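All remarks here apply to the structure that follows.
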Protein chains: 2
Amino acid sequence: MQKPKALFFDVNETLLDLNDLRSSISQALGGRDDLLALWFRMLLHYSLVETASGQFRPFGQIGAACLQMVAKNIGLELSSEQAMEAIKPILSLNPHPDVQSGLKRLKAAGYRMFTLTNSSFEGVRTQMANAGLTHYFEECLSVEAIQMYKPSTQVYRWAARRIGLKPEDCMMIAAHGWDVAGAMWAGMRAAFIARPGQQLYPHAPKTELETKNLSELVDKLITIPQ
Amino acid sequence: MQKPKALFFDVNETLLDLNDLRSSISQALGGRDDLLALWFRMLLHYSLVETASGQFRPFGQIGAACLQMVAKNIGLELSSEQAMEAIKPILSLNPHPDVQSGLKRLKAAGYRMFTLTNSSFEGVRTQMANAGLTHYFEECLSVEAIQMYKPSTQVYRWAARRIGLKPEDCMMIAAHGWDVAGAMWAGMRAAFIARPGQQLYPHAPKTELETKNLSELVDKLITIPQ
């Protein structure tokens, strides 16, 4: 196995714990915290609805609209302001417990690291600052630059070009089956972190690496010879 | 309001009742029929994941893969054969109670009618035959022809061209916010049927017509002068 020349990290769920959103989403939905997974899946769906239709608006605005729709399904009316307020804690999610030490070891091993996220520029910068992770990344890349959502092929190819590399020299690291699938279909390498509730897509090519957490992944990445 | 020259109908949930899938999905998921909505949203998401990545496989295969993922999340292993078997009732869904009479009245009023569905060719033909609706449609169009999923702009433009019309002469009729949004962004007209649990997308343009069921929509469509 050859050492990747750069690592791209997905942010929401891969580095940061989305469970920190549970209480505010639940509060907005009258206590229905079982709807968190449905809301997030709807957000992912509608982000691609926008891209498939040649549209673009920031992830937060799509997330708020989806929360309004989920609320309406259970007979609740949320204004767009109330919905924006309910998802605001997405900006101050805690990193998973293995993230600080994992990124530190990768940085020490000389890896170039970037985010590649569906969050907006301002969103990811705020998220990284609040989680204390900013200094590990050479740059925080957001799909906002290219105005298309992951896993569009164009996003991964743009990201590689943007940092002066070919897709095959880069590795996407994500806890989402669709994200590693899209990266590989775009020509990148990929590693999957099997966070709780996350699964590989059965129709996708196999990722090179699959681990239970970031620590295990780091163990493997730092032993690859130059 | 001008009379549309053709009507395109979404099939799953708009004409046919997806609740008929509830028992087989629930059985495959150890009784968790609350996961039906999450599974269907995941299927919609992954169909666009395929399109965004330049891939295509039939809707049923994506649906089975998503069911395997949902099952794994709750600690169950389903083979792809078991998953295909669990979603098989999608081929024999019953039409909503307002559908037979609604389509009959539209046909009598001289409307040209087509399906435009994410289901495969074989899927939609079987669905329409089993529901006794085949004879209302001039042709059953499926995204399988263009190998991209709704709501990709290309799908609606292809469908209009395919029947010799401009998008603005056609009306998409669907119970999904994302479907009417995509149709309008592609230049078609659109009508929304608010089936239970279905919502318009707050960021989309307003549909011309929005009704609680197909009967009400037909009342409006048949009174438009030629």
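Just so we're on the same page: first chain in the structure tokens is A, next is B, and so on; residues restart at 1 for each chain, and ligands are numbered from 1 in the order they show up.
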
Tell me as a PyMOL selection string which residues belonging to chain A come within 10 Å of chain B, counting only C-alpha atoms. chain A and resi 34-35+37-39+41-55+57+61-62+64-66+68-70+72-75+80+148-155+177-179+181-186+196-204

So which residues of chain A fall under strand (DSSP E) by DSSP, listed as a PDB file with N, CA, C and O atoms, in the first residue's frame?
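Okay, this is what ended up in result-v6.pdb:
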ATOM      1  N   ALA A   6      -2.453  13.092   0.490  1.00  0.00           N
ATOM      2  CA  ALA A   6      -3.305  13.993   1.285  1.00  0.00           C
ATOM      3  C   ALA A   6      -4.511  13.204   1.788  1.00  0.00           C
ATOM      4  O   ALA A   6      -4.964  12.256   1.145  1.00  0.00           O
ATOM      5  N   LEU A   7      -5.021  13.642   2.941  1.00  0.00           N
ATOM      6  CA  LEU A   7      -6.216  13.030   3.523  1.00  0.00           C
ATOM      7  C   LEU A   7      -7.338  14.063   3.570  1.00  0.00           C
ATOM      8  O   LEU A   7      -7.145  15.167   4.075  1.00  0.00           O
ATOM      9  N   PHE A   8      -8.492  13.692   3.015  1.00  0.00           N
ATOM     10  CA  PHE A   8      -9.683  14.543   3.128  1.00  0.00           C
ATOM     11  C   PHE A   8     -10.616  13.943   4.169  1.00  0.00           C
ATOM     12  O   PHE A   8     -10.954  12.752   4.080  1.00  0.00           O
ATOM     13  N   PHE A   9     -11.041  14.761   5.107  1.00  0.00           N
ATOM     14  CA  PHE A   9     -11.940  14.283   6.167  1.00  0.00           C
ATOM     15  C   PHE A   9     -13.347  14.838   5.988  1.00  0.00           C
ATOM     16  O   PHE A   9     -13.533  16.048   5.868  1.00  0.00           O
ATOM     17  N   MET A 113      -3.547  17.340   5.700  1.00  0.00           N
ATOM     18  CA  MET A 113      -4.952  17.042   6.021  1.00  0.00           C
ATOM     19  C   MET A 113      -5.862  18.221   5.699  1.00  0.00           C
ATOM     20  O   MET A 113      -5.510  19.385   5.927  1.00  0.00           O
ATOM     21  N   PHE A 114      -7.039  17.883   5.168  1.00  0.00           N
ATOM     22  CA  PHE A 114      -8.057  18.877   4.763  1.00  0.00           C
ATOM     23  C   PHE A 114      -9.426  18.374   5.193  1.00  0.00           C
ATOM     24  O   PHE A 114      -9.645  17.161   5.256  1.00  0.00           O
ATOM     25  N   THR A 115     -10.344  19.288   5.442  1.00  0.00           N
ATOM     26  CA  THR A 115     -11.732  18.859   5.535  1.00  0.00           C
ATOM     27  C   THR A 115     -12.306  18.874   4.120  1.00  0.00           C
ATOM     28  O   THR A 115     -11.823  19.602   3.245  1.00  0.00           O
ATOM     29  N   LEU A 116     -13.319  18.056   3.886  1.00  0.00           N
ATOM     30  CA  LEU A 116     -14.117  18.152   2.656  1.00  0.00           C
ATOM     31  C   LEU A 116     -15.551  17.866   3.089  1.00  0.00           C
ATOM     32  O   LEU A 116     -15.942  16.707   3.275  1.00  0.00           O
ATOM     33  N   THR A 117     -16.305  18.940   3.279  1.00  0.00           N
ATOM     34  CA  THR A 117     -17.582  18.815   3.967  1.00  0.00           C
ATOM     35  C   THR A 117     -18.731  19.478   3.216  1.00  0.00           C
ATOM     36  O   THR A 117     -18.513  20.425   2.449  1.00  0.00           O
ATOM     37  N   GLU A 139      -6.208  23.326   5.283  1.00  0.00           N
ATOM     38  CA  GLU A 139      -7.297  24.201   4.843  1.00  0.00           C
ATOM     39  C   GLU A 139      -8.629  23.472   5.040  1.00  0.00           C
ATOM     40  O   GLU A 139      -8.699  22.252   4.904  1.00  0.00           O
ATOM     41  N   CYS A 140      -9.670  24.256   5.345  1.00  0.00           N
ATOM     42  CA  CYS A 140     -11.004  23.663   5.475  1.00  0.00           C
ATOM     43  C   CYS A 140     -11.759  23.849   4.165  1.00  0.00           C
ATOM     44  O   CYS A 140     -12.213  24.948   3.845  1.00  0.00           O
ATOM     45  N   LEU A 141     -11.884  22.783   3.387  1.00  0.00           N
ATOM     46  CA  LEU A 141     -12.620  22.874   2.126  1.00  0.00           C
ATOM     47  C   LEU A 141     -14.092  22.547   2.361  1.00  0.00           C
ATOM     48  O   LEU A 141     -14.429  21.638   3.121  1.00  0.00           O
ATOM     49  N   SER A 142     -14.942  23.312   1.682  1.00  0.00           N
ATOM     50  CA  SER A 142     -16.393  23.121   1.752  1.00  0.00           C
ATOM     51  C   SER A 142     -16.940  23.017   0.338  1.00  0.00           C
ATOM     52  O   SER A 142     -16.428  23.652  -0.586  1.00  0.00           O
ATOM     53  N   CYS A 170      -5.120  10.982  -3.356  1.00  0.00           N
ATOM     54  CA  CYS A 170      -5.829  11.464  -2.157  1.00  0.00           C
ATOM     55  C   CYS A 170      -6.666  10.343  -1.562  1.00  0.00           C
ATOM     56  O   CYS A 170      -7.139   9.459  -2.273  1.00  0.00           O
ATOM     57  N   MET A 171      -6.884  10.418  -0.255  1.00  0.00           N
ATOM     58  CA  MET A 171      -7.768   9.464   0.412  1.00  0.00           C
ATOM     59  C   MET A 171      -8.880  10.209   1.150  1.00  0.00           C
ATOM     60  O   MET A 171      -8.613  11.119   1.923  1.00  0.00           O
ATOM     61  N   MET A 172     -10.125   9.802   0.882  1.00  0.00           N
ATOM     62  CA  MET A 172     -11.280  10.351   1.586  1.00  0.00           C
ATOM     63  C   MET A 172     -11.530   9.494   2.808  1.00  0.00           C
ATOM     64  O   MET A 172     -11.574   8.258   2.706  1.00  0.00           O
ATOM     65  N   ILE A 173     -11.704  10.128   3.950  1.00  0.00           N
ATOM     66  CA  ILE A 173     -11.984   9.404   5.200  1.00  0.00           C
ATOM     67  C   ILE A 173     -13.357   9.830   5.701  1.00  0.00           C
ATOM     68  O   ILE A 173     -13.591  11.012   5.957  1.00  0.00           O
ATOM     69  N   ALA A 174     -14.275   8.883   5.788  1.00  0.00           N
ATOM     70  CA  ALA A 174     -15.646   9.239   6.156  1.00  0.00           C
ATOM     71  C   ALA A 174     -16.346   8.087   6.858  1.00  0.00           C
ATOM     72  O   ALA A 174     -15.964   6.919   6.718  1.00  0.00           O
ATOM     73  N   ARG A 189      -8.939   7.330  -3.345  1.00  0.00           N
ATOM     74  CA  ARG A 189      -8.893   6.206  -2.420  1.00  0.00           C
ATOM     75  C   ARG A 189      -9.814   6.523  -1.243  1.00  0.00           C
ATOM     76  O   ARG A 189     -10.195   7.685  -1.060  1.00  0.00           O
ATOM     77  N   ALA A 190     -10.179   5.535  -0.459  1.00  0.00           N
ATOM     78  CA  ALA A 190     -11.115   5.817   0.625  1.00  0.00           C
ATOM     79  C   ALA A 190     -10.938   4.883   1.812  1.00  0.00           C
ATOM     80  O   ALA A 190     -10.554   3.722   1.661  1.00  0.00           O
ATOM     81  N   ALA A 191     -11.209   5.443   2.988  1.00  0.00           N
ATOM     82  CA  ALA A 191     -11.220   4.659   4.233  1.00  0.00           C
ATOM     83  C   ALA A 191     -12.533   4.930   4.955  1.00  0.00           C
ATOM     84  O   ALA A 191     -12.996   6.069   5.015  1.00  0.00           O
ATOM     85  N   PHE A 192     -13.117   3.875   5.489  1.00  0.00           N
ATOM     86  CA  PHE A 192     -14.413   3.973   6.160  1.00  0.00           C
ATOM     87  C   PHE A 192     -14.245   3.783   7.657  1.00  0.00           C
ATOM     88  O   PHE A 192     -13.609   2.832   8.109  1.00  0.00           O
ATOM     89  N   ILE A 193     -14.798   4.724   8.424  1.00  0.00           N
ATOM     90  CA  ILE A 193     -14.842   4.564   9.885  1.00  0.00           C
ATOM     91  C   ILE A 193     -16.263   4.171  10.261  1.00  0.00           C
ATOM     92  O   ILE A 193     -17.197   4.943  10.044  1.00  0.00           O
ATOM     93  N   LEU A 209      -9.491   0.538   3.415  1.00  0.00           N
ATOM     94  CA  LEU A 209      -9.412   0.398   4.867  1.00  0.00           C
ATOM     95  C   LEU A 209     -10.798   0.564   5.467  1.00  0.00           C
ATOM     96  O   LEU A 209     -11.601   1.375   4.993  1.00  0.00           O
ATOM     97  N   GLU A 210     -11.060  -0.203   6.517  1.00  0.00           N
ATOM     98  CA  GLU A 210     -12.326  -0.093   7.240  1.00  0.00           C
ATOM     99  C   GLU A 210     -12.023  -0.392   8.688  1.00  0.00           C
ATOM    100  O   GLU A 210     -11.530  -1.473   9.007  1.00  0.00           O
ATOM    101  N   THR A 211     -12.297   0.592   9.548  1.00  0.00           N
ATOM    102  CA  THR A 211     -11.988   0.399  10.964  1.00  0.00           C
ATOM    103  C   THR A 211     -13.164   0.840  11.819  1.00  0.00           C
ATOM    104  O   THR A 211     -14.087   1.498  11.348  1.00  0.00           O
TER     105      THR A 211
END

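Atom CA of Val218 of chain A lies 6.6 Å from atom CA of Leu106 of chain A.
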
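Interatomic distance, atom CA of Gly31 of chain B against atom CA of Pro89 of chain B: 16.6 Å.
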
Which neighbours of segment 91-104 of chain A fall inside 12 Å, counting only C-alpha atoms, when residues of the same chain fewer than 6 positions from it are skipped, and could you give them as a ChimeraX atom specification? /A:7-9,11-22,59-60,84-85,110-115,119-137,173,175,193,195-196,212-222

Using DSSP assignments from the backbone, pull out every residue in segment 119-221 of chain B that falls under alpha helix (DSSP H) and give it to me as a PyMOL selection string. chain B and resi 121-131+153-162+177-185+214-221
